[in-house]
Amino acid sequence: MDLNQTKQKLYEQLASSPDVDDITKNLSALKLVEEIEKTVSDKAKVQLDIDNLDYQKKNDWKKFYFGMLAPFITSIGLIITLLITISQNKTNFEFQKDTQDYDRWKTLLDKINSPLVANDPSIPILLKSFYKNDKYKDNAMVISESYFLKIQDADLFRSLMEDYAPLMNKDNYKNLVALTRALENQYVKMKQQVDDDSRHLVYKGPPVPLIIDYNKQIAVDSTTKNALIDNLLLAGSCLRDVIVRINIDGLKLDLSNAYFLHTNLDSVNFQKTILRGVQFDQVSVKNTDFSNVNDFADSYWNDTEWWQAKNVSPKLVSYLVKYHPYQPNQLNVHYVYTQKNDQQLYNGWLKQLQKE
């Protein structure tokens, strides 16, 4: 029975009861019920206040956390916006750079095909700029190899070769080997041209414009010939540096048809190297190692003191003694790197050959 029903019953008893004691008891009971109702009401009010406090507390915590997170969320938004902006700028920059690279590449190709290619100082600069560009590097090196043969200015040749040679490795060093021979062939042709020009000057009559023209041509061709000599010297020296750099693990190098002119090959390791068709033209090979060299057919050792080498394979010694012996008194032999003990060193190789 709930409180309302209890109160109703007490009111009915008060109305029907004639007894004073019963009335007093019913009044006391009714008062108790009202106090209980008030207590329940107060409890409900207190609970409501508690609920309101909990609700407010939760809202306060939400406000607090949101206040804490708001700057962080804002920062994340700014970072995302910044990243998007950077990405867009990077894309725009890369597109712009690709466009600029293409324009420079087109300019380079135009200059390579120009009649002024031999003495254009901008070409090496353009070519070198593409050596570090993955998209154009391989093509730039191929163009360089043909351009080297067009250069008639030793300074331009050196400027480009100093950046080209360090790019050589065990996979592409043969390109530099081939270049040395191509330069030598070019030099031979130019030397022949100078000789032909000179023969036209054999004329005993009065001066004529034709003779004067040949004098000018000789001067031009001689200048080109001298530049080619400088190019040959540098190419051989750079090839020497490449050999020393890449032949550190006993790599069997193939130097077939390489050309070395006045090159310092002292102490270089040529073990097991293929020297087929190689031309050593007045080259220094002091303390050089030619051990285990057995493939050297048609190699040419013009005025090269091979007996100063540290090691020479028996087969190569036999070949050199037969085709390139020590001849200090020959008029057409011009040793450049002579030593006082050359005869003694040469005799030592002869004795070794006789033992074998």
# chains A, B, ... in the order shown; residues from 1 in each chain; ligands from 1
call {"tool": "residues_around", "arguments": {"residues": "A:Lys272", "least_positions_apart": "4", "cutoff": "8 Å", "atoms": "only C-alpha atoms", "output": "compact mmCIF listing (two decimals) with C-alpha atoms, in the first residue's frame"}}
result
# COMPACT_ATOMS: atom_id res chain seq x y z
CA LYS A 252 89.60 -8.27 -65.32
CA LEU A 253 89.59 -5.10 -67.37
CA PHE A 290 101.56 -6.78 -66.04
CA SER A 291 101.48 -10.24 -64.46
CA ASN A 292 98.98 -12.75 -65.85
CA VAL A 293 98.54 -10.62 -68.98
CA ASN A 294 98.15 -13.11 -71.83
call {"tool": "closest_residue", "arguments": {"among": "A:Asp295, A:Asp138, A:Asp281, A:Glu162", "to": "A:Leu234", "atoms": "only C-alpha atoms"}}
result
A:Glu162
call {"tool": "closest_residue", "arguments": {"among": "A:Gln192, A:Asn347, A:Gln282, A:Thr288", "to": "A:Val333", "atoms": "only C-alpha atoms"}}
result
A:Gln282
call {"tool": "select_by_dssp", "arguments": {"residues": "stretch 99-313 of chain A", "states": "strand (DSSP E or B)", "output": "PyMOL selection string"}}
result
chain A and resi 254+259-261+264+269+274+279-281+284+289-290+300-302+311-312
call {"tool": "closest_atom_pairs", "arguments": {"of": "stretch 231-289 of chain A", "to": "stretch 146-154 of chain A", "cutoff": "12 Å", "atoms": "only C-alpha atoms", "output": "tab-separated table"}}
result
residue	atom	partner	partner_atom	distance
A:Asn231	CA	A:Ala154	CA	6.1
A:Leu232	CA	A:Ala154	CA	9.8
A:Leu233	CA	A:Ala154	CA	10.3
A:Leu234	CA	A:Ala154	CA	9.2
A:Ala235	CA	A:Phe148	CA	9.9
call {"tool": "write_last_selection", "arguments": {"atoms": "C-alpha atoms", "output": "PDB file, in the first residue's frame"}}
result
ATOM      1  CA  ASN A 231      92.823  16.251 -75.543  1.00  0.00           C
ATOM      2  CA  LEU A 232      94.597  12.931 -76.064  1.00  0.00           C
ATOM      3  CA  LEU A 233      96.901  13.557 -73.122  1.00  0.00           C
ATOM      4  CA  LEU A 234      94.003  14.386 -70.833  1.00  0.00           C
ATOM      5  CA  ALA A 235      91.825  11.480 -71.992  1.00  0.00           C
TER       6      ALA A 235
END
call {"tool": "residues_around", "arguments": {"residues": "A:Asn172", "least_positions_apart": "6", "cutoff": "12 Å", "atoms": "only C-alpha atoms", "output": "PyMOL selection string"}}
result
chain A and resi 138+141-142+145+164-166+178-179+239+242-243+246+253-255
call {"tool": "select_by_dssp", "arguments": {"residues": "stretch 108-318 of chain A", "states": "helix (DSSP H, G or I)", "output": "number ranges by chain"}}
result
A: 108-112, 117-119, 122-129, 137-147, 154-167, 173-199, 209-246, 306-308, 314-318
call {"tool": "residues_around", "arguments": {"residues": "A:Ser318", "least_positions_apart": "5", "cutoff": "9 Å", "atoms": "only C-alpha atoms", "output": "JSON list (two decimals) with C-alpha atoms, in the first residue's frame"}}
result
[["chain", "number", "residue", "atom", "x", "y", "z"],
["A", 313, "SER", "CA", 103.95, -12.20, -67.74],
["A", 323, "TYR", "CA", 108.78, -6.68, -81.31],
["A", 350, "LEU", "CA", 116.19, -11.56, -70.98],
["A", 353, "LEU", "CA", 113.05, -15.45, -70.39]]
